[in-house]
$ cat data_8.pdb   # PDB, C-alpha atoms
MODEL        1
ATOM      1  CA  MET P   1      29.914  -6.618  17.674
ATOM      2  CA  ASP P   2      31.715  -9.130  15.405
ATOM      3  CA  LYS P   3      32.395  -8.446  11.739
ATOM      4  CA  SER P   4      29.591 -10.657  10.420
ATOM      5  CA  LYS P   5      26.949  -8.939  12.548
ATOM      6  CA  LEU P   6      28.367  -5.528  11.671
ATOM      7  CA  GLY P   7      28.243  -6.423   7.969
ATOM      8  CA  GLN P   8      24.631  -7.568   8.257
ATOM      9  CA  SER P   9      23.714  -4.394  10.118
ATOM     10  CA  VAL P  10      25.328  -2.190   7.464
ATOM     11  CA  LYS P  11      23.669  -4.173   4.681
ATOM     12  CA  GLN P  12      20.239  -3.855   6.310
ATOM     13  CA  CYS P  13      20.784  -0.134   6.816
ATOM     14  CA  LEU P  14      21.630   0.306   3.122
ATOM     15  CA  VAL P  15      18.509  -1.650   2.134
ATOM     16  CA  ASP P  16      16.344   0.495   4.418
ATOM     17  CA  VAL P  17      17.810   3.755   3.098
ATOM     18  CA  THR P  18      17.318   2.552  -0.500
ATOM     19  CA  TYR P  19      13.647   1.771   0.190
ATOM     20  CA  ALA P  20      13.138   5.225   1.721
ATOM     21  CA  ILE P  21      14.838   6.967  -1.227
ATOM     22  CA  VAL P  22      13.009   5.012  -3.934
ATOM     23  CA  ALA P  23       9.626   5.493  -2.220
ATOM     24  CA  GLY P  24      10.317   9.227  -1.800
ATOM     25  CA  LEU P  25      11.213   9.612  -5.478
ATOM     26  CA  ILE P  26       8.060   7.772  -6.592
ATOM     27  CA  VAL P  27       5.783   9.949  -4.450
ATOM     28  CA  SER P  28       7.609  13.105  -5.592
ATOM     29  CA  VAL P  29       6.722  12.186  -9.191
ATOM     30  CA  ALA P  30       3.036  11.943  -8.243
ATOM     31  CA  TYR P  31       3.047  15.275  -6.428
ATOM     32  CA  TYR P  32       5.094  17.307  -8.897
ATOM     33  CA  PHE P  33       3.719  16.053 -12.194
ATOM     34  CA  PHE P  34       0.080  15.396 -11.310
ATOM     35  CA  GLN P  35      -1.016  17.024  -8.074
ATOM     36  CA  ASN P  36       0.572  20.348  -7.179
ATOM     37  CA  SER P  37      -0.385  22.065 -10.438
ATOM     38  CA  ASN P  38      -4.010  20.928 -10.490
ATOM     39  CA  GLY P  39      -5.548  22.530  -7.411
ATOM     40  CA  PHE P  40      -6.345  19.617  -5.132
ATOM     41  CA  ALA P  41      -4.724  18.158  -2.037
ATOM     42  CA  PRO P  42      -3.722  14.661  -0.951
ATOM     43  CA  GLY P  43      -4.792  13.341   2.423
ATOM     44  CA  GLY P  44      -3.093  13.725   5.766
ATOM     45  CA  VAL P  45      -0.237  16.069   6.630
ATOM     46  CA  GLY P  46       0.811  16.374   2.991
ATOM     47  CA  GLY P  47      -2.639  17.736   2.241
ATOM     48  CA  LEU P  48      -2.217  20.475   4.843
ATOM     49  CA  ALA P  49       1.131  21.449   3.313
ATOM     50  CA  THR P  50      -0.362  21.499  -0.188
ATOM     51  CA  MET P  51      -3.296  23.674   0.875
ATOM     52  CA  THR P  52      -0.898  26.076   2.585
ATOM     53  CA  TYR P  53       1.077  26.161  -0.657
ATOM     54  CA  TYR P  54      -2.121  27.125  -2.492
ATOM     55  CA  LEU P  55      -3.052  29.782   0.091
ATOM     56  CA  CYS P  56       0.420  31.323  -0.293
ATOM     57  CA  ASP P  57      -0.337  31.651  -4.011
ATOM     58  CA  TYR P  58       2.523  29.248  -4.828
ATOM     59  CA  ARG P  59       5.082  31.825  -3.675
ATOM     60  CA  VAL P  60       6.490  29.601  -0.916
ATOM     61  CA  SER P  61       8.324  26.432  -1.914
ATOM     62  CA  TRP P  62       6.113  23.363  -1.616
ATOM     63  CA  ALA P  63       9.180  21.355  -0.593
ATOM     64  CA  ILE P  64       9.868  23.696   2.341
ATOM     65  CA  LEU P  65       6.248  23.470   3.492
ATOM     66  CA  MET P  66       6.307  19.676   3.316
ATOM     67  CA  LEU P  67       9.463  19.556   5.405
ATOM     68  CA  ALA P  68       8.109  22.129   7.868
ATOM     69  CA  PHE P  69       4.906  20.150   8.398
ATOM     70  CA  ASN P  70       6.441  16.672   8.547
ATOM     71  CA  ILE P  71       9.928  16.869  10.050
ATOM     72  CA  PRO P  72       8.747  17.907  13.575
ATOM     73  CA  ILE P  73       6.360  14.923  13.600
ATOM     74  CA  PHE P  74       9.093  12.525  12.496
ATOM     75  CA  LEU P  75      11.454  13.927  15.109
ATOM     76  CA  LEU P  76       8.872  13.117  17.772
ATOM     77  CA  VAL P  77       8.518   9.611  16.345
ATOM     78  CA  SER P  78      12.294   9.218  16.509
ATOM     79  CA  ILE P  79      12.354  10.339  20.145
ATOM     80  CA  PHE P  80       9.254   8.637  21.562
ATOM     81  CA  VAL P  81       8.418   5.690  19.283
ATOM     82  CA  ASN P  82      11.279   4.303  17.210
ATOM     83  CA  ARG P  83      14.538   6.090  16.458
ATOM     84  CA  LYS P  84      15.314   4.229  13.230
ATOM     85  CA  LEU P  85      11.779   4.591  11.905
ATOM     86  CA  GLY P  86      11.857   8.342  12.544
ATOM     87  CA  ILE P  87      15.188   8.684  10.696
ATOM     88  CA  TYR P  88      13.996   6.693   7.680
ATOM     89  CA  LEU P  89      10.782   8.701   7.528
ATOM     90  CA  MET P  90      12.849  11.901   7.518
ATOM     91  CA  ILE P  91      14.974  10.563   4.648
ATOM     92  CA  TYR P  92      11.776   9.626   2.799
ATOM     93  CA  ILE P  93      10.133  13.041   3.186
ATOM     94  CA  PHE P  94      13.396  14.856   2.382
ATOM     95  CA  VAL P  95      13.816  12.941  -0.909
ATOM     96  CA  GLN P  96      10.123  13.393  -1.688
ATOM     97  CA  SER P  97      10.313  17.154  -1.142
ATOM     98  CA  VAL P  98      13.676  17.812  -2.792
ATOM     99  CA  GLY P  99      12.692  15.625  -5.741
ATOM    100  CA  THR P 100       9.982  18.110  -6.750
ATOM    101  CA  GLU P 101      12.551  20.951  -6.653
ATOM    102  CA  VAL P 102      14.915  18.975  -8.882
ATOM    103  CA  TYR P 103      12.154  18.379 -11.465
ATOM    104  CA  ALA P 104      11.400  22.110 -11.432
ATOM    105  CA  LEU P 105      15.077  23.016 -11.922
ATOM    106  CA  LEU P 106      15.204  20.619 -14.866
ATOM    107  CA  ASP P 107      12.199  22.522 -16.249
ATOM    108  CA  TRP P 108      10.102  19.393 -16.662
ATOM    109  CA  LYS P 109       6.506  20.352 -17.370
ATOM    110  CA  PRO P 110       3.838  18.957 -15.028
ATOM    111  CA  TYR P 111       0.612  17.458 -16.281
ATOM    112  CA  CYS P 112      -1.846  20.283 -15.602
ATOM    113  CA  LEU P 113      -4.704  22.265 -17.102
ATOM    114  CA  ALA P 114      -2.397  25.102 -18.122
ATOM    115  CA  ASN P 115      -0.368  22.726 -20.280
ATOM    116  CA  ASN P 116      -3.144  20.544 -21.672
ATOM    117  CA  GLY P 117      -6.169  22.816 -21.790
ATOM    118  CA  ALA P 118      -8.949  20.301 -21.111
ATOM    119  CA  ASP P 119     -10.928  20.665 -17.871
ATOM    120  CA  PHE P 120     -11.723  16.960 -17.588
ATOM    121  CA  GLU P 121      -8.014  16.113 -17.496
ATOM    122  CA  ILE P 122      -7.930  16.981 -13.807
ATOM    123  CA  VAL P 123      -9.635  13.602 -13.325
ATOM    124  CA  PHE P 124      -6.684  11.907 -15.036
ATOM    125  CA  ALA P 125      -4.351  13.858 -12.745
ATOM    126  CA  CYS P 126      -6.257  12.568  -9.677
ATOM    127  CA  ILE P 127      -6.074   8.994 -10.905
ATOM    128  CA  ALA P 128      -2.368   9.270 -11.734
ATOM    129  CA  THR P 129      -1.620  10.831  -8.327
ATOM    130  CA  GLY P 130      -3.461   8.042  -6.530
ATOM    131  CA  VAL P 131      -1.801   5.248  -8.502
ATOM    132  CA  VAL P 132       1.775   6.573  -8.422
ATOM    133  CA  SER P 133       1.706   7.809  -4.816
ATOM    134  CA  GLY P 134      -0.011   4.574  -3.758
ATOM    135  CA  ILE P 135       2.962   2.595  -5.069
ATOM    136  CA  GLY P 136       5.343   4.779  -3.060
ATOM    137  CA  PHE P 137       3.195   4.499   0.081
ATOM    138  CA  SER P 138       3.085   0.713  -0.358
ATOM    139  CA  LEU P 139       6.869   0.448  -0.397
ATOM    140  CA  MET P 140       7.090   2.390   2.861
ATOM    141  CA  LEU P 141       4.258   0.486   4.540
ATOM    142  CA  ARG P 142       5.575  -2.887   3.442
ATOM    143  CA  HIS P 143       9.093  -2.188   4.662
ATOM    144  CA  PHE P 144       8.617   0.200   7.590
ATOM    145  CA  GLY P 145       4.937  -0.004   8.526
ATOM    146  CA  ALA P 146       4.514   3.764   8.046
ATOM    147  CA  SER P 147       4.269   6.022   5.013
ATOM    148  CA  GLY P 148       4.008   9.621   6.175
ATOM    149  CA  GLY P 149       2.738  12.166   8.654
ATOM    150  CA  THR P 150      -0.672  10.582   9.265
ATOM    151  CA  TYR P 151       0.851   7.232  10.152
ATOM    152  CA  ALA P 152       3.477   8.963  12.300
ATOM    153  CA  ILE P 153       0.827  10.890  14.248
ATOM    154  CA  SER P 154      -1.123   7.651  14.698
ATOM    155  CA  ALA P 155       2.006   5.961  16.065
ATOM    156  CA  LEU P 156       2.524   8.809  18.547
ATOM    157  CA  ILE P 157      -1.096   8.635  19.704
ATOM    158  CA  LYS P 158      -0.864   4.848  20.019
ATOM    159  CA  LYS P 159       2.270   5.236  22.120
ATOM    160  CA  ALA P 160       0.531   7.678  24.476
ATOM    161  CA  LYS P 161      -2.816   5.844  24.519
ATOM    162  CA  PRO P 162      -2.456   2.171  23.491
ATOM    163  CA  GLU P 163      -6.223   1.616  23.577
ATOM    164  CA  THR P 164      -6.837   4.152  20.772
ATOM    165  CA  ASN P 165      -8.271   2.850  17.501
ATOM    166  CA  ILE P 166      -5.579   3.953  15.016
ATOM    167  CA  ALA P 167      -7.672   3.211  11.945
ATOM    168  CA  TYR P 168     -10.304   5.611  13.243
ATOM    169  CA  VAL P 169      -7.676   8.291  13.944
ATOM    170  CA  SER P 170      -6.246   8.013  10.411
ATOM    171  CA  PHE P 171      -9.727   8.206   8.913
ATOM    172  CA  LEU P 172     -10.506  11.267  11.015
ATOM    173  CA  MET P 173      -7.352  13.076   9.886
ATOM    174  CA  ASP P 174      -7.919  12.341   6.207
ATOM    175  CA  SER P 175     -11.584  13.356   6.501
ATOM    176  CA  SER P 176     -10.551  16.639   8.122
ATOM    177  CA  VAL P 177      -8.288  17.431   5.177
ATOM    178  CA  VAL P 178     -11.151  16.753   2.757
ATOM    179  CA  ALA P 179     -13.429  19.095   4.728
ATOM    180  CA  ILE P 180     -10.792  21.841   4.925
ATOM    181  CA  ALA P 181     -10.137  21.537   1.186
ATOM    182  CA  PHE P 182     -13.702  22.688   0.492
ATOM    183  CA  PHE P 183     -13.056  26.057   2.139
ATOM    184  CA  VAL P 184      -9.430  26.480   1.025
ATOM    185  CA  TYR P 185     -10.236  26.009  -2.650
ATOM    186  CA  GLY P 186     -13.023  28.591  -2.726
ATOM    187  CA  MET P 187     -15.944  26.390  -1.581
ATOM    188  CA  LYS P 188     -15.802  24.444  -4.834
ATOM    189  CA  ILE P 189     -16.841  20.830  -4.926
ATOM    190  CA  THR P 190     -14.354  19.774  -7.627
ATOM    191  CA  PRO P 191     -11.221  19.955  -5.415
ATOM    192  CA  VAL P 192     -13.048  17.971  -2.726
ATOM    193  CA  ILE P 193     -14.039  15.254  -5.206
ATOM    194  CA  CYS P 194     -10.472  15.202  -6.547
ATOM    195  CA  THR P 195      -9.076  14.781  -3.030
ATOM    196  CA  LEU P 196     -11.531  11.962  -2.287
ATOM    197  CA  LEU P 197     -10.767  10.252  -5.594
ATOM    198  CA  ASN P 198      -7.051  10.531  -4.982
ATOM    199  CA  LEU P 199      -7.376   9.046  -1.468
ATOM    200  CA  PHE P 200      -9.637   6.254  -2.682
ATOM    201  CA  ILE P 201      -7.341   5.178  -5.524
ATOM    202  CA  ALA P 202      -4.188   5.438  -3.400
ATOM    203  CA  ASN P 203      -5.778   3.184  -0.751
ATOM    204  CA  ILE P 204      -6.826   0.642  -3.389
ATOM    205  CA  VAL P 205      -3.284   0.546  -4.791
ATOM    206  CA  VAL P 206      -1.817   0.172  -1.291
ATOM    207  CA  ASP P 207      -4.219  -2.687  -0.472
ATOM    208  CA  TYR P 208      -3.458  -4.424  -3.764
ATOM    209  CA  VAL P 209       0.310  -4.134  -3.427
ATOM    210  CA  LEU P 210       0.299  -5.224   0.225
ATOM    211  CA  THR P 211      -2.128  -8.136  -0.104
ATOM    212  CA  GLY P 212      -2.717  -8.925  -3.750
ATOM    213  CA  VAL P 213       0.667  -9.334  -5.429
ATOM    214  CA  LYS P 214       1.186 -12.965  -4.386
ATOM    215  CA  ASN P 215      -2.370 -14.033  -3.751
ATOM    216  CA  GLY P 216      -3.776 -17.461  -4.434
ATOM    217  CA  TYR P 217      -6.735 -19.729  -3.670
ATOM    218  CA  LYS P 218      -6.701 -22.469  -1.058
ATOM    219  CA  PHE P 219      -8.793 -25.559  -1.831
ATOM    220  CA  GLU P 220      -9.879 -27.906   0.948
ATOM    221  CA  ILE P 221     -11.076 -31.128  -0.675
ATOM    222  CA  ILE P 222     -12.851 -33.884   1.300
ATOM    223  CA  THR P 223     -12.602 -37.173  -0.593
ATOM    224  CA  ASP P 224     -12.061 -40.914  -0.425
ATOM    225  CA  LYS P 225      -9.902 -40.746  -3.563
ATOM    226  CA  PRO P 226      -6.895 -38.797  -2.273
ATOM    227  CA  GLU P 227      -4.244 -40.518  -4.396
ATOM    228  CA  GLU P 228      -6.071 -40.009  -7.701
ATOM    229  CA  ILE P 229      -6.958 -36.348  -7.106
ATOM    230  CA  SER P 230      -3.486 -35.532  -5.735
ATOM    231  CA  ALA P 231      -1.857 -37.107  -8.778
ATOM    232  CA  GLU P 232      -3.912 -34.929 -11.130
ATOM    233  CA  LEU P 233      -3.242 -31.748  -9.148
ATOM    234  CA  LEU P 234       0.482 -32.500  -9.062
ATOM    235  CA  GLU P 235       0.813 -33.467 -12.718
ATOM    236  CA  ARG P 236      -1.617 -31.076 -14.411
ATOM    237  CA  LEU P 237      -1.213 -27.978 -12.230
ATOM    238  CA  GLY P 238       2.245 -28.526 -10.768
ATOM    239  CA  ARG P 239       1.027 -27.640  -7.273
ATOM    240  CA  GLY P 240       1.891 -29.363  -4.043
ATOM    241  CA  VAL P 241      -0.848 -31.150  -2.079
ATOM    242  CA  THR P 242      -1.111 -31.834   1.667
ATOM    243  CA  GLU P 243      -3.132 -34.819   2.884
ATOM    244  CA  ILE P 244      -4.940 -34.848   6.244
ATOM    245  CA  ARG P 245      -6.999 -37.712   7.656
ATOM    246  CA  VAL P 246     -10.454 -36.595   8.823
ATOM    247  CA  VAL P 247     -13.604 -38.205  10.213
ATOM    248  CA  GLY P 248     -17.128 -37.189   9.241
ATOM    249  CA  MET P 249     -19.233 -36.560  12.357
ATOM    250  CA  TYR P 250     -22.490 -37.705  10.711
ATOM    251  CA  SER P 251     -21.362 -41.017   9.239
ATOM    252  CA  HIS P 252     -18.244 -41.443  11.433
ATOM    253  CA  THR P 253     -16.391 -42.715   8.393
ATOM    254  CA  GLU P 254     -12.784 -41.867   7.766
ATOM    255  CA  LYS P 255     -11.974 -39.732   4.750
ATOM    256  CA  TYR P 256      -9.150 -37.490   3.606
ATOM    257  CA  MET P 257      -8.833 -33.738   3.272
ATOM    258  CA  LEU P 258      -6.495 -32.459   0.597
ATOM    259  CA  VAL P 259      -5.166 -28.925   0.930
ATOM    260  CA  CYS P 260      -3.865 -27.299  -2.240
ATOM    261  CA  ILE P 261      -3.069 -23.643  -3.052
ATOM    262  CA  VAL P 262      -3.375 -22.594  -6.692
ATOM    263  CA  ARG P 263      -3.140 -19.400  -8.698
ATOM    264  CA  LYS P 264      -6.270 -17.563  -9.842
ATOM    265  CA  LYS P 265      -5.970 -18.794 -13.424
ATOM    266  CA  GLN P 266      -5.901 -22.405 -12.151
ATOM    267  CA  VAL P 267      -9.152 -22.247 -10.181
ATOM    268  CA  GLY P 268     -11.299 -23.420 -13.105
ATOM    269  CA  GLU P 269      -9.002 -26.348 -13.918
ATOM    270  CA  THR P 270      -8.924 -27.383 -10.243
ATOM    271  CA  MET P 271     -12.724 -27.422 -10.103
ATOM    272  CA  LYS P 272     -12.869 -29.570 -13.249
ATOM    273  CA  ILE P 273     -10.529 -32.114 -11.667
ATOM    274  CA  ILE P 274     -12.608 -32.277  -8.468
ATOM    275  CA  GLN P 275     -15.922 -32.626 -10.331
ATOM    276  CA  ARG P 276     -14.725 -35.852 -11.962
ATOM    277  CA  TYR P 277     -14.803 -37.630  -8.601
ATOM    278  CA  PRO P 278     -18.374 -38.297  -7.286
ATOM    279  CA  GLY P 279     -18.784 -37.975  -3.543
ATOM    280  CA  THR P 280     -15.981 -35.440  -3.293
ATOM    281  CA  PHE P 281     -16.725 -32.195  -1.452
ATOM    282  CA  ALA P 282     -14.581 -29.070  -1.763
ATOM    283  CA  SER P 283     -14.453 -25.434  -0.738
ATOM    284  CA  PHE P 284     -11.976 -22.725  -1.617
ATOM    285  CA  ALA P 285     -11.081 -19.289  -0.305
ATOM    286  CA  LYS P 286      -8.788 -16.493  -1.363
ATOM    287  CA  VAL P 287      -5.352 -16.381   0.241
ATOM    288  CA  ASN P 288      -3.939 -12.854   0.334
ATOM    289  CA  GLU P 289      -0.277 -13.749   0.587
ATOM    290  CA  VAL P 290       1.690 -16.886  -0.309
ATOM    291  CA  PHE P 291       5.198 -17.293   1.093
ATOM    292  CA  GLY P 292       7.798 -19.709  -0.204
ATOM    293  CA  LYS P 293       7.298 -22.233  -3.000
ATOM    294  CA  PHE P 294       4.080 -24.139  -3.209
ATOM    295  CA  LYS P 295       4.933 -26.045  -6.358
ATOM    296  CA  LYS P 296       5.653 -29.766  -6.369
TER     297      LYS P 296
ENDMDL
END
$ encode --input "data_8.pdb" --output "structure tokens"
Amino acid sequence: MDKSKLGQSVKQCLVDVTYAIVAGLIVSVAYYFFQNSNGFAPGGVGGLATMTYYLCDYRVSWAILMLAFNIPIFLLVSIFVNRKLGIYLMIYIFVQSVGTEVYALLDWKPYCLANNGADFEIVFACIATGVVSGIGFSLMLRHFGASGGTYAISALIKKAKPETNIAYVSFLMDSSVVAIAFFVYGMKITPVICTLLNLFIANIVVDYVLTGVKNGYKFEIITDKPEEISAELLERLGRGVTEIRVVGMYSHTEKYMLVCIVRKKQVGETMKIIQRYPGTFASFAKVNEVFGKFKK
């Protein structure tokens, strides 16, 4: 391997390790400050570790339980699926677990009922857990395509049986944790609702971060005034326009289709521009991700 390729490989490795560390630290904040002290569990393998922590009356380290539940799964991923992915997942779960121990040693107080005294504040803890952990999960999913034990188990199952519906498997595992939580936490409905709320919010955050950070709206405009409309879109909105020649199948007359991607706040202005040209037809749809520059 020449020096340039070696340098690129080392640089990529450092970037990957940084992503795993940062994501682990973010999720550790969610678990230590908002979840572990409030009597509810997250989804997946982490939920099993948290419920075991509760059943042991908090006498066994949560960090040790997290490592015990997750590391064997990640080792299997490293052996049978992808060696690098398994290693980065182990770094991620190690930082996530040890992070909670560091916060405890620093004597930082978690956000819990014992410290705040209001029963309804458990709802705020659920929301905070979902939002903060969702950000950490998003970093892992965006960079590695996996964010924890559930995804690792899904990858192992997919490797063994490629025809398996992974989305269904993940849903089944998370649902199982919700069902188990009902019995673990004394057949109370509140921990179950908290677990569901946490899962729901975390998934919303993940979806938003993965698909909604650089979203836009794509307009397809059929017109016989391409130069005039393009000029307005370029000058007033600062967005690039692509022109395509098209033929209407009813009239068999040649027209032009303009394709333009704009930001959400520019949708109204774009519609105003189009409406000034009679005989112009347009449709628009949301674009989840925009790569590169689409300005003029």
$ residues_around --input "data_8.pdb" --residues "segment 142-148 of chain P" --least-positions-apart "5" --cutoff "8 Å" --atoms "all atoms listed in the file" --output "PyMOL selection string"
chain P and resi 16+19+45+70+85+89+93+137+210
$ residues_around --input "data_8.pdb" --residues "segment 265-281 of chain P" --least-positions-apart "6" --cutoff "10 Å" --atoms "only C-alpha atoms" --output "list in words"
Gly216, Tyr217, Lys218, Phe219, Glu220, Ile221, Ile222, Thr223, Asp224, Lys225, Pro226, Glu228, Ile229, Ser230, Glu232, Leu233, Arg236, Leu237, Arg239, Lys255, Tyr256 and Met257 of chain P
$ closest_residue --input "data_8.pdb" --among "P:Ala30, P:Met66, P:Val169, P:Cys56" --to "Phe124 of chain P" --atoms "all atoms listed in the file"
P:Ala30
$ atom_distance --input "data_8.pdb" --atom1 "atom CA of Thr150 of chain P" --atom2 "atom CA of Asn215 of chain P"
27.9 Å
$ closest_atom_pairs --input "data_8.pdb" --of "segment 68-113 of chain P" --to "segment 46-52 of chain P" --cutoff "12 Å" --atoms "all atoms listed in the file" --output "CSV"
residue,atom,partner,partner_atom,distance
P:Ala68,CA,P:Ala49,CA,8.4
P:Phe69,CA,P:Ala49,CA,6.5
P:Asn70,CA,P:Gly46,CA,7.9
P:Ile71,CA,P:Gly46,CA,11.5
P:Ile93,CA,P:Gly46,CA,9.9
P:Gln96,CA,P:Gly46,CA,10.8
P:Ser97,CA,P:Gly46,CA,10.4
$ residues_around --input "data_8.pdb" --residues "Ser78 of chain P" --least-positions-apart "6" --cutoff "12 Å" --atoms "all atoms listed in the file" --output "compact mmCIF listing (two decimals) with C-alpha atoms, keeping the file's coordinate frame"
# COMPACT_ATOMS: atom_id res chain seq x y z
CA ILE P 71 9.93 16.87 10.05
CA PRO P 72 8.75 17.91 13.58
CA LYS P 84 15.31 4.23 13.23
CA LEU P 85 11.78 4.59 11.90
CA GLY P 86 11.86 8.34 12.54
CA ILE P 87 15.19 8.68 10.70
CA TYR P 88 14.00 6.69 7.68
CA LEU P 89 10.78 8.70 7.53
CA MET P 90 12.85 11.90 7.52
CA ALA P 152 3.48 8.96 12.30
CA ILE P 153 0.83 10.89 14.25
CA ALA P 155 2.01 5.96 16.07
CA LEU P 156 2.52 8.81 18.55
$ closest_residue --input "data_8.pdb" --among "P:Ala202, P:Val177, P:Val95, P:Val77" --to "Ser154 of chain P" --atoms "all atoms listed in the file"
P:Val77
$ closest_residue --input "data_8.pdb" --among "P:Ile261, P:Leu105, P:Ala41, P:Leu141" --to "Ile180 of chain P" --atoms "all atoms listed in the file"
P:Ala41
$ closest_residue --input "data_8.pdb" --among "P:Val29, P:Val184, P:Val81, P:Ile135" --to "Lys158 of chain P" --atoms "all atoms listed in the file"
P:Val81
$ axis_aligned_box --input "data_8.pdb" --around "segment 157-171 of chain P" --padding-each-side "4 Å" --output "AutoDock Vina command-line options"
--center_x -4.0 --center_y 5.1 --center_z 16.7 --size_x 20.6 --size_y 15.0 --size_z 23.6
$ atom_distance --input "data_8.pdb" --atom1 "atom CA of Ser28 of chain P" --atom2 "atom CA of Ile204 of chain P"
19.2 Å
$ closest_residue --input "data_8.pdb" --among "P:Asn36, P:Asp107, P:Val192, P:Leu76" --to "Ile157 of chain P" --atoms "all atoms listed in the file"
P:Leu76
$ closest_residue --input "data_8.pdb" --among "P:Thr242, P:Asn38, P:Thr253, P:Gln12" --to "Ala128 of chain P" --atoms "all atoms listed in the file"
P:Asn38
$ atom_distance --input "data_8.pdb" --atom1 "atom CA of Val60 of chain P" --atom2 "atom CA of Gly149 of chain P"
20.2 Å
$ resolve_selection --input "data_8.pdb" --expression "the PyMOL selection byres ((chain P and resi 134) around 7)" --output "PyMOL selection string"
chain P and resi 130-133+135-138+202-203+205-206
